[in-house]
Amino acid sequence: PACFPCRACYPDTEEGMAALGYSSVITPHFWIANRITPRTMDLAFRVASAGIISPVSRLRFIYGGLGARQVDATLRRARGLRGWSLSWVRTARQYLSAARAAHTRGEHAEATRCEASAALCYHYAQVFELDNLDRRNYLYRRAADLFRRAAQRLDPPALRVDIPWRDTSLPGYLRVPDRDGGPYPVVVLLNGASTVKEETGHWSDPFLHRNFATLAIDTPGSGELREHVSGHPDQVDIGEALIRFAEEHNKLDPRRVALLGASLGGAVAVRLAQATPDILAVVALTPPFHPSPYFRHLNAVVRQEIALVTGARDGELDAIVEKMSLLDIAPRLRAPLLVVGAGRDLVVPPQEAWNLYRAAGGPKHLHFIRQANHVGFSHLPQWTAAAADFLSSVAGA
(Lines give C-alpha, C1' and ligand atoms only; values in the text may rest on other atoms or scores of the structure.)
Protein backbone atom coordinates (compact mmCIF):
# COMPACT_ATOMS: atom_id res chain seq x y z
CA PRO A 1 0.00 0.00 0.00
CA ALA A 2 1.01 3.62 -0.48
CA CYS A 3 0.62 4.26 3.25
CA PHE A 4 0.83 1.88 6.17
CA PRO A 5 0.36 2.44 9.92
CA CYS A 6 3.50 3.73 11.60
CA ARG A 7 4.60 5.86 14.51
CA ALA A 8 4.09 9.03 12.49
CA CYS A 9 0.36 8.69 13.20
CA TYR A 10 0.24 6.67 16.43
CA PRO A 11 2.17 7.24 19.69
CA ASP A 12 4.24 4.56 21.45
CA THR A 13 1.59 3.87 24.08
CA GLU A 14 -0.63 0.88 24.75
CA GLU A 15 -3.54 2.84 23.23
CA GLY A 16 -1.49 3.66 20.15
CA MET A 17 -0.40 0.05 19.74
CA ALA A 18 -4.01 -1.09 20.06
CA ALA A 19 -5.00 1.37 17.34
CA LEU A 20 -2.43 -0.27 15.07
CA GLY A 21 -3.92 -3.69 15.82
CA TYR A 22 -1.00 -4.96 17.92
CA SER A 23 -1.79 -6.96 21.04
CA SER A 24 -0.69 -5.96 24.52
CA VAL A 25 2.71 -7.42 25.40
CA ILE A 26 2.64 -7.26 29.20
CA THR A 27 0.92 -10.21 30.87
CA PRO A 28 0.83 -10.90 34.64
CA HIS A 29 3.01 -14.00 34.20
CA PHE A 30 5.62 -12.06 32.23
CA TRP A 31 5.61 -9.19 34.74
CA ILE A 32 5.99 -11.47 37.78
CA ALA A 33 8.78 -13.56 36.22
CA ASN A 34 10.78 -10.41 35.46
CA ARG A 35 10.61 -9.18 39.05
CA ILE A 36 13.31 -11.70 40.02
CA THR A 37 16.46 -9.70 40.79
CA PRO A 38 20.12 -10.83 40.60
CA ARG A 39 20.19 -10.68 44.39
CA THR A 40 17.21 -13.04 44.58
CA MET A 41 18.86 -15.41 42.10
CA ASP A 42 22.10 -15.34 44.07
CA LEU A 43 20.26 -16.19 47.30
CA ALA A 44 18.27 -19.00 45.65
CA PHE A 45 21.44 -20.52 44.21
CA ARG A 46 23.20 -20.26 47.57
CA VAL A 47 20.37 -22.05 49.36
CA ALA A 48 19.42 -24.69 46.78
CA SER A 49 22.20 -24.45 44.13
CA ALA A 50 21.60 -23.75 40.44
CA GLY A 51 20.11 -27.25 40.35
CA ILE A 52 16.74 -25.55 40.87
CA ILE A 53 16.82 -24.57 37.20
CA SER A 54 13.98 -26.28 35.37
CA PRO A 55 14.48 -29.30 33.09
CA VAL A 56 13.28 -27.19 30.16
CA SER A 57 15.97 -24.54 30.78
CA ARG A 58 18.66 -27.22 30.90
CA LEU A 59 17.94 -28.22 27.31
CA ARG A 60 19.95 -25.23 26.09
CA PHE A 61 23.09 -26.90 27.43
CA ILE A 62 22.12 -30.42 26.38
CA TYR A 63 21.24 -29.46 22.80
CA GLY A 64 24.57 -27.62 22.72
CA GLY A 65 26.23 -31.02 22.97
CA LEU A 66 26.81 -31.43 26.71
CA GLY A 67 25.89 -34.62 28.51
CA ALA A 68 22.79 -34.50 30.73
CA ARG A 69 24.71 -35.88 33.73
CA GLN A 70 27.48 -33.31 33.29
CA VAL A 71 24.90 -30.52 33.13
CA ASP A 72 23.16 -31.80 36.26
CA ALA A 73 26.42 -32.06 38.20
CA THR A 74 27.52 -28.59 37.06
CA LEU A 75 24.30 -26.96 38.20
CA ARG A 76 24.22 -28.76 41.55
CA ARG A 77 27.77 -27.54 42.31
CA ALA A 78 26.95 -23.90 41.52
CA ARG A 79 26.28 -22.01 44.77
CA GLY A 80 25.43 -18.36 44.21
CA LEU A 81 26.05 -16.40 41.03
CA ARG A 82 29.78 -16.44 41.68
CA GLY A 83 29.70 -20.21 41.98
CA TRP A 84 28.02 -20.41 38.56
CA SER A 85 31.17 -19.55 36.63
CA LEU A 86 33.44 -21.61 38.90
CA SER A 87 31.32 -24.71 38.38
CA TRP A 88 31.19 -24.35 34.59
CA VAL A 89 34.97 -23.84 34.43
CA ARG A 90 35.42 -27.04 36.43
CA THR A 91 33.25 -28.94 33.94
CA ALA A 92 35.21 -27.43 31.04
CA ARG A 93 38.44 -28.77 32.54
CA GLN A 94 36.87 -32.21 32.88
CA TYR A 95 35.98 -32.15 29.18
CA LEU A 96 39.54 -31.08 28.30
CA SER A 97 40.94 -33.94 30.37
CA ALA A 98 38.63 -36.34 28.51
CA ALA A 99 39.79 -34.83 25.20
CA ARG A 100 43.46 -35.49 26.02
CA ALA A 101 42.65 -39.08 26.94
CA ALA A 102 40.70 -39.57 23.70
CA HIS A 103 43.59 -38.19 21.63
CA THR A 104 45.93 -40.65 23.38
CA ARG A 105 43.62 -43.53 22.40
CA GLY A 106 43.49 -42.27 18.81
CA GLU A 107 39.79 -41.37 19.13
CA HIS A 108 40.18 -37.96 17.56
CA ALA A 109 36.49 -37.42 16.73
CA GLU A 110 35.59 -37.94 20.40
CA ALA A 111 38.42 -35.60 21.42
CA THR A 112 37.06 -32.91 19.09
CA ARG A 113 33.59 -33.28 20.58
CA CYS A 114 34.99 -32.87 24.09
CA GLU A 115 37.01 -29.79 23.11
CA ALA A 116 33.94 -28.17 21.54
CA SER A 117 31.97 -28.96 24.71
CA ALA A 118 34.68 -27.39 26.86
CA ALA A 119 34.45 -24.25 24.74
CA LEU A 120 30.70 -24.04 25.35
CA CYS A 121 31.24 -24.52 29.10
CA TYR A 122 33.50 -21.47 29.17
CA HIS A 123 30.85 -19.54 27.22
CA TYR A 124 28.12 -20.56 29.67
CA ALA A 125 30.43 -19.66 32.56
CA GLN A 126 30.42 -15.96 31.65
CA VAL A 127 26.64 -15.56 31.46
CA PHE A 128 26.28 -14.01 34.93
CA GLU A 129 29.62 -12.14 34.98
CA LEU A 130 27.97 -8.80 34.28
CA ASP A 131 29.78 -6.74 36.94
CA ASN A 132 33.26 -8.18 36.40
CA LEU A 133 33.85 -7.45 32.72
CA ASP A 134 37.52 -8.47 32.85
CA ARG A 135 36.58 -11.96 33.99
CA ARG A 136 33.66 -12.10 31.55
CA ASN A 137 35.95 -11.25 28.65
CA TYR A 138 38.61 -13.72 29.83
CA LEU A 139 36.09 -16.56 30.00
CA TYR A 140 34.75 -15.82 26.53
CA ARG A 141 38.24 -15.54 25.03
CA ARG A 142 39.00 -18.96 26.49
CA ALA A 143 35.82 -20.32 24.86
CA ALA A 144 36.75 -18.78 21.50
CA ASP A 145 40.30 -20.17 21.62
CA LEU A 146 39.13 -23.69 22.45
CA PHE A 147 36.51 -23.72 19.72
CA ARG A 148 38.99 -22.41 17.16
CA ARG A 149 41.25 -25.35 18.00
CA ALA A 150 38.45 -27.88 17.44
CA ALA A 151 36.68 -26.22 14.51
CA GLN A 152 38.78 -27.68 11.68
CA ARG A 153 38.16 -31.23 12.94
CA LEU A 154 34.36 -30.97 13.03
CA ASP A 155 32.38 -32.93 10.45
CA PRO A 156 32.06 -31.04 8.18
CA PRO A 157 34.84 -28.66 9.24
CA ALA A 158 34.09 -25.14 10.47
CA LEU A 159 36.36 -22.80 8.56
CA ARG A 160 37.31 -19.63 10.41
CA VAL A 161 36.51 -16.57 8.24
CA ASP A 162 36.49 -12.80 8.62
CA ILE A 163 33.91 -10.75 6.71
CA PRO A 164 35.23 -7.25 5.89
CA TRP A 165 32.86 -4.57 7.23
CA ARG A 166 33.55 -0.86 7.59
CA ASP A 167 36.99 -0.50 9.20
CA THR A 168 36.91 -3.90 10.90
CA SER A 169 35.65 -7.43 10.14
CA LEU A 170 32.94 -9.76 11.39
CA PRO A 171 34.43 -13.04 12.68
CA GLY A 172 32.63 -16.22 11.78
CA TYR A 173 32.71 -19.95 11.04
CA LEU A 174 31.68 -21.28 7.64
CA ARG A 175 30.52 -24.86 7.18
CA VAL A 176 29.82 -26.28 3.73
CA PRO A 177 27.95 -29.56 2.96
CA ASP A 178 30.38 -32.46 2.89
CA ARG A 179 29.86 -33.39 -0.74
CA ASP A 180 30.97 -32.31 -4.19
CA GLY A 181 28.99 -29.52 -5.71
CA GLY A 182 28.09 -25.91 -5.18
CA PRO A 183 27.78 -23.08 -5.17
CA TYR A 184 25.51 -23.60 -2.17
CA PRO A 185 22.85 -21.35 -0.71
CA VAL A 186 24.00 -20.07 2.67
CA VAL A 187 22.14 -19.24 5.87
CA VAL A 188 23.86 -16.64 8.05
CA LEU A 189 23.31 -17.23 11.79
CA LEU A 190 23.07 -13.92 13.67
CA ASN A 191 23.44 -14.19 17.42
CA GLY A 192 21.52 -12.43 20.16
CA ALA A 193 22.75 -10.67 23.29
CA SER A 194 23.71 -13.84 25.18
CA THR A 195 24.64 -16.17 22.31
CA VAL A 196 27.85 -16.28 20.29
CA LYS A 197 28.94 -17.89 17.03
CA GLU A 198 30.51 -20.82 18.93
CA GLU A 199 27.01 -21.71 20.17
CA THR A 200 24.84 -20.87 17.15
CA GLY A 201 27.17 -22.90 14.92
CA HIS A 202 25.83 -26.00 16.71
CA TRP A 203 22.47 -25.35 15.01
CA SER A 204 23.93 -26.12 11.57
CA ASP A 205 23.08 -29.79 10.99
CA PRO A 206 19.48 -29.44 9.70
CA PHE A 207 20.64 -26.84 7.17
CA LEU A 208 23.72 -28.80 6.08
CA HIS A 209 21.50 -31.85 5.53
CA ARG A 210 19.31 -29.76 3.21
CA ASN A 211 22.28 -28.66 1.12
CA PHE A 212 22.79 -25.27 2.77
CA ALA A 213 26.10 -23.86 3.89
CA THR A 214 26.00 -22.12 7.28
CA LEU A 215 27.88 -19.02 8.36
CA ALA A 216 27.76 -18.32 12.10
CA ILE A 217 29.03 -14.82 12.86
CA ASP A 218 29.43 -12.51 15.83
CA THR A 219 27.39 -9.36 15.37
CA PRO A 220 28.63 -6.01 16.74
CA GLY A 221 28.55 -5.94 20.53
CA SER A 222 28.80 -9.74 20.91
CA GLY A 223 31.42 -12.47 20.96
CA GLU A 224 34.82 -11.43 19.68
CA LEU A 225 33.49 -7.98 18.73
CA ARG A 226 32.17 -7.18 22.21
CA GLU A 227 35.35 -5.45 23.36
CA HIS A 228 35.79 -3.49 20.12
CA VAL A 229 32.51 -2.56 18.38
CA SER A 230 29.12 -1.86 19.94
CA GLY A 231 25.85 -2.85 18.31
CA HIS A 232 23.45 -0.23 16.95
CA PRO A 233 20.26 -0.39 14.83
CA ASP A 234 21.81 1.68 12.04
CA GLN A 235 24.39 -0.99 11.09
CA VAL A 236 22.31 -2.23 8.14
CA ASP A 237 25.30 -2.20 5.76
CA ILE A 238 26.23 -5.56 7.29
CA GLY A 239 23.80 -7.06 4.77
CA GLU A 240 25.85 -5.80 1.82
CA ALA A 241 29.05 -7.07 3.48
CA LEU A 242 27.53 -10.57 3.66
CA ILE A 243 26.52 -10.47 0.00
CA ARG A 244 30.04 -9.38 -1.02
CA PHE A 245 31.56 -12.18 1.02
CA ALA A 246 29.36 -14.75 -0.76
CA GLU A 247 30.29 -13.27 -4.15
CA GLU A 248 33.98 -13.78 -3.41
CA HIS A 249 33.62 -17.38 -2.16
CA ASN A 250 33.40 -20.01 -4.91
CA LYS A 251 31.37 -22.42 -2.75
CA LEU A 252 28.60 -19.90 -1.98
CA ASP A 253 25.74 -18.60 -4.12
CA PRO A 254 25.40 -14.81 -3.58
CA ARG A 255 21.87 -14.93 -5.04
CA ARG A 256 20.75 -17.24 -2.21
CA VAL A 257 21.93 -15.65 1.05
CA ALA A 258 19.39 -16.08 3.86
CA LEU A 259 19.47 -14.74 7.42
CA LEU A 260 18.50 -16.47 10.66
CA GLY A 261 18.59 -14.26 13.74
CA ALA A 262 17.99 -15.25 17.36
CA SER A 263 16.32 -12.84 19.80
CA LEU A 264 17.90 -9.43 19.24
CA GLY A 265 19.58 -10.97 16.18
CA GLY A 266 16.11 -11.72 14.81
CA ALA A 267 15.28 -8.03 14.77
CA VAL A 268 18.69 -7.34 13.20
CA ALA A 269 17.94 -9.93 10.48
CA VAL A 270 14.66 -8.22 9.57
CA ARG A 271 16.37 -4.83 9.50
CA LEU A 272 19.22 -6.09 7.28
CA ALA A 273 16.87 -7.83 4.86
CA GLN A 274 14.67 -4.75 4.49
CA ALA A 275 17.73 -2.64 3.65
CA THR A 276 19.38 -5.27 1.40
CA PRO A 277 17.14 -6.37 -1.50
CA ASP A 278 19.50 -9.22 -2.44
CA ILE A 279 18.79 -11.12 0.80
CA LEU A 280 16.81 -14.24 -0.13
CA ALA A 281 14.77 -14.86 3.03
CA VAL A 282 14.67 -14.27 6.79
CA VAL A 283 14.03 -16.41 9.85
CA ALA A 284 13.39 -14.34 12.98
CA LEU A 285 13.54 -16.41 16.16
CA THR A 286 11.68 -14.95 19.18
CA PRO A 287 12.56 -11.42 18.03
CA PRO A 288 11.65 -8.14 19.72
CA PHE A 289 9.29 -6.21 17.47
CA HIS A 290 8.59 -3.03 19.42
CA PRO A 291 10.49 -3.34 22.74
CA SER A 292 10.19 0.14 24.25
CA PRO A 293 6.77 -0.38 25.94
CA TYR A 294 7.99 -3.40 27.93
CA PHE A 295 11.76 -2.93 28.12
CA ARG A 296 11.62 -1.18 31.48
CA HIS A 297 9.80 -4.21 32.91
CA LEU A 298 12.53 -6.69 31.94
CA ASN A 299 14.80 -8.47 34.37
CA ALA A 300 17.86 -6.42 35.37
CA VAL A 301 20.16 -9.12 33.94
CA VAL A 302 18.55 -8.79 30.49
CA ARG A 303 18.68 -5.00 30.59
CA GLN A 304 22.36 -5.12 31.50
CA GLU A 305 23.04 -7.56 28.64
CA ILE A 306 21.49 -5.11 26.17
CA ALA A 307 23.51 -2.27 27.69
CA LEU A 308 26.72 -4.26 27.17
CA VAL A 309 25.82 -5.10 23.56
CA THR A 310 25.00 -1.49 22.68
CA GLY A 311 27.69 0.13 24.82
CA ALA A 312 24.99 2.39 26.24
CA ARG A 313 25.84 4.57 29.20
CA ASP A 314 23.45 5.69 31.92
CA GLY A 315 20.48 7.46 30.39
CA GLU A 316 21.23 6.30 26.82
CA LEU A 317 19.76 2.82 26.83
CA ASP A 318 16.06 3.69 26.49
CA ALA A 319 16.77 5.90 23.48
CA ILE A 320 18.69 3.10 21.73
CA VAL A 321 15.96 0.57 22.52
CA GLU A 322 13.43 2.93 20.96
CA LYS A 323 15.46 2.87 17.72
CA MET A 324 15.30 -0.96 17.71
CA SER A 325 11.58 -0.89 16.90
CA LEU A 326 10.47 -2.62 13.71
CA LEU A 327 7.15 -0.76 13.51
CA ASP A 328 8.34 1.24 10.51
CA ILE A 329 10.66 -1.46 9.11
CA ALA A 330 8.53 -4.62 8.95
CA PRO A 331 5.87 -3.28 6.53
CA ARG A 332 8.65 -2.47 4.05
CA LEU A 333 10.16 -5.97 4.21
CA ARG A 334 9.74 -7.82 0.92
CA ALA A 335 11.86 -10.93 1.51
CA PRO A 336 9.98 -14.08 2.59
CA LEU A 337 9.83 -14.22 6.38
CA LEU A 338 9.44 -17.03 8.91
CA VAL A 339 8.73 -15.85 12.46
CA VAL A 340 9.34 -18.42 15.21
CA GLY A 341 7.48 -17.59 18.43
CA ALA A 342 7.63 -19.19 21.87
CA GLY A 343 4.66 -19.36 24.22
CA ARG A 344 6.79 -19.50 27.37
CA ASP A 345 9.20 -16.72 26.43
CA LEU A 346 9.98 -14.60 29.50
CA VAL A 347 12.50 -12.31 27.78
CA VAL A 348 10.63 -11.21 24.66
CA PRO A 349 6.86 -11.39 25.22
CA PRO A 350 5.28 -14.12 23.05
CA GLN A 351 2.93 -11.58 21.44
CA GLU A 352 5.90 -9.93 19.74
CA ALA A 353 6.20 -12.81 17.27
CA TRP A 354 2.56 -12.40 16.29
CA ASN A 355 2.92 -8.62 16.01
CA LEU A 356 5.93 -8.94 13.69
CA TYR A 357 4.12 -11.52 11.57
CA ARG A 358 1.10 -9.26 11.14
CA ALA A 359 3.21 -6.20 10.30
CA ALA A 360 5.53 -7.84 7.74
CA GLY A 361 4.90 -6.67 4.19
CA GLY A 362 6.08 -9.64 2.12
CA PRO A 363 5.38 -13.40 2.03
CA LYS A 364 5.29 -14.59 5.64
CA HIS A 365 4.78 -17.59 7.88
CA LEU A 366 4.40 -17.97 11.65
CA HIS A 367 5.70 -21.04 13.48
CA PHE A 368 4.53 -20.72 17.09
CA ILE A 369 5.58 -23.30 19.70
CA ARG A 370 3.38 -22.92 22.76
CA GLN A 371 5.68 -24.78 25.18
CA ALA A 372 8.98 -23.26 23.99
CA ASN A 373 11.12 -20.81 25.95
CA HIS A 374 13.17 -17.83 24.72
CA VAL A 375 15.21 -18.57 21.55
CA GLY A 376 13.39 -21.91 21.47
CA PHE A 377 16.29 -23.56 23.33
CA SER A 378 13.78 -26.09 24.69
CA HIS A 379 12.63 -27.10 21.19
CA LEU A 380 15.77 -26.56 19.14
CA PRO A 381 15.43 -29.70 16.94
CA GLN A 382 11.84 -28.77 16.06
CA TRP A 383 12.31 -25.14 15.04
CA THR A 384 15.63 -25.68 13.24
CA ALA A 385 13.98 -28.39 11.12
CA ALA A 386 11.05 -26.06 10.37
CA ALA A 387 13.43 -23.22 9.49
CA ALA A 388 15.50 -25.48 7.24
CA ASP A 389 12.36 -26.66 5.42
CA PHE A 390 11.19 -23.08 4.96
CA LEU A 391 14.52 -21.89 3.56
CA SER A 392 14.79 -24.95 1.30
CA SER A 393 11.39 -24.19 -0.20
CA VAL A 394 12.41 -20.59 -0.88
CA ALA A 395 15.89 -21.40 -2.21
CA GLY A 396 14.98 -24.52 -4.15
CA ALA A 397 17.90 -26.20 -2.39
# chains A, B, ... in the order shown; residues from 1 in each chain; ligands from 1
$ select_by_dssp --residues "stretch 108-345 of chain A" --states "strand (DSSP E or B)" --output "PyMOL selection string"
chain A and resi 159-165+168-175+184-190+213-217+252-262+279-285+337-342
$ select_by_dssp --residues "stretch 166-368 of chain A" --states "helix (DSSP H, G or I)" --output "number ranges by chain"
A: 197-203, 205-209, 223-225, 238-247, 264-275, 292-295, 300-310, 317-323, 330-332, 351-359
$ residues_around --residues "A:Glu322" --least-positions-apart "5" --cutoff "9 Å" --atoms "only C-alpha atoms" --output "list in words"
His290, Pro291, Ser292, Pro293 and Leu317 of chain A
$ atom_distance --atom1 "atom CA of A:Phe390" --atom2 "atom CA of A:Asn250"
24.5 Å
$ atom_distance --atom1 "atom CA of A:Leu252" --atom2 "atom CA of A:Val186"
6.5 Å
$ closest_residue --among "A:Ala330, A:Ala151, A:Ile243, A:Leu285" --to "A:His379" --atoms "only C-alpha atoms"
A:Leu285
$ closest_residue --among "A:Phe212, A:Phe207, A:Tyr122, A:Phe245" --to "A:Gly172" --atoms "only C-alpha atoms"
A:Phe245
$ closest_residue --among "A:Ser117, A:Ser325, A:Gln304, A:Thr310" --to "A:Pro38" --atoms "only C-alpha atoms"
A:Gln304
$ atom_distance --atom1 "atom CA of A:His297" --atom2 "atom CA of A:Ser378"
23.7 Å
$ residues_around --residues "stretch 233-236 of chain A" --least-positions-apart "4" --cutoff "9 Å" --atoms "only C-alpha atoms" --output "PyMOL selection string"
chain A and resi 220+240+268+271-276+320-321+323-325
$ closest_residue --among "A:Pro28, A:Gly65, A:Gly343, A:Pro381" --to "A:Ala119" --atoms "only C-alpha atoms"
A:Gly65
$ residues_around --residues "A:His365" --least-positions-apart "2" --cutoff "9 Å" --atoms "only C-alpha atoms" --output "ChimeraX atom specification"
/A:336-340,357,363,367,390
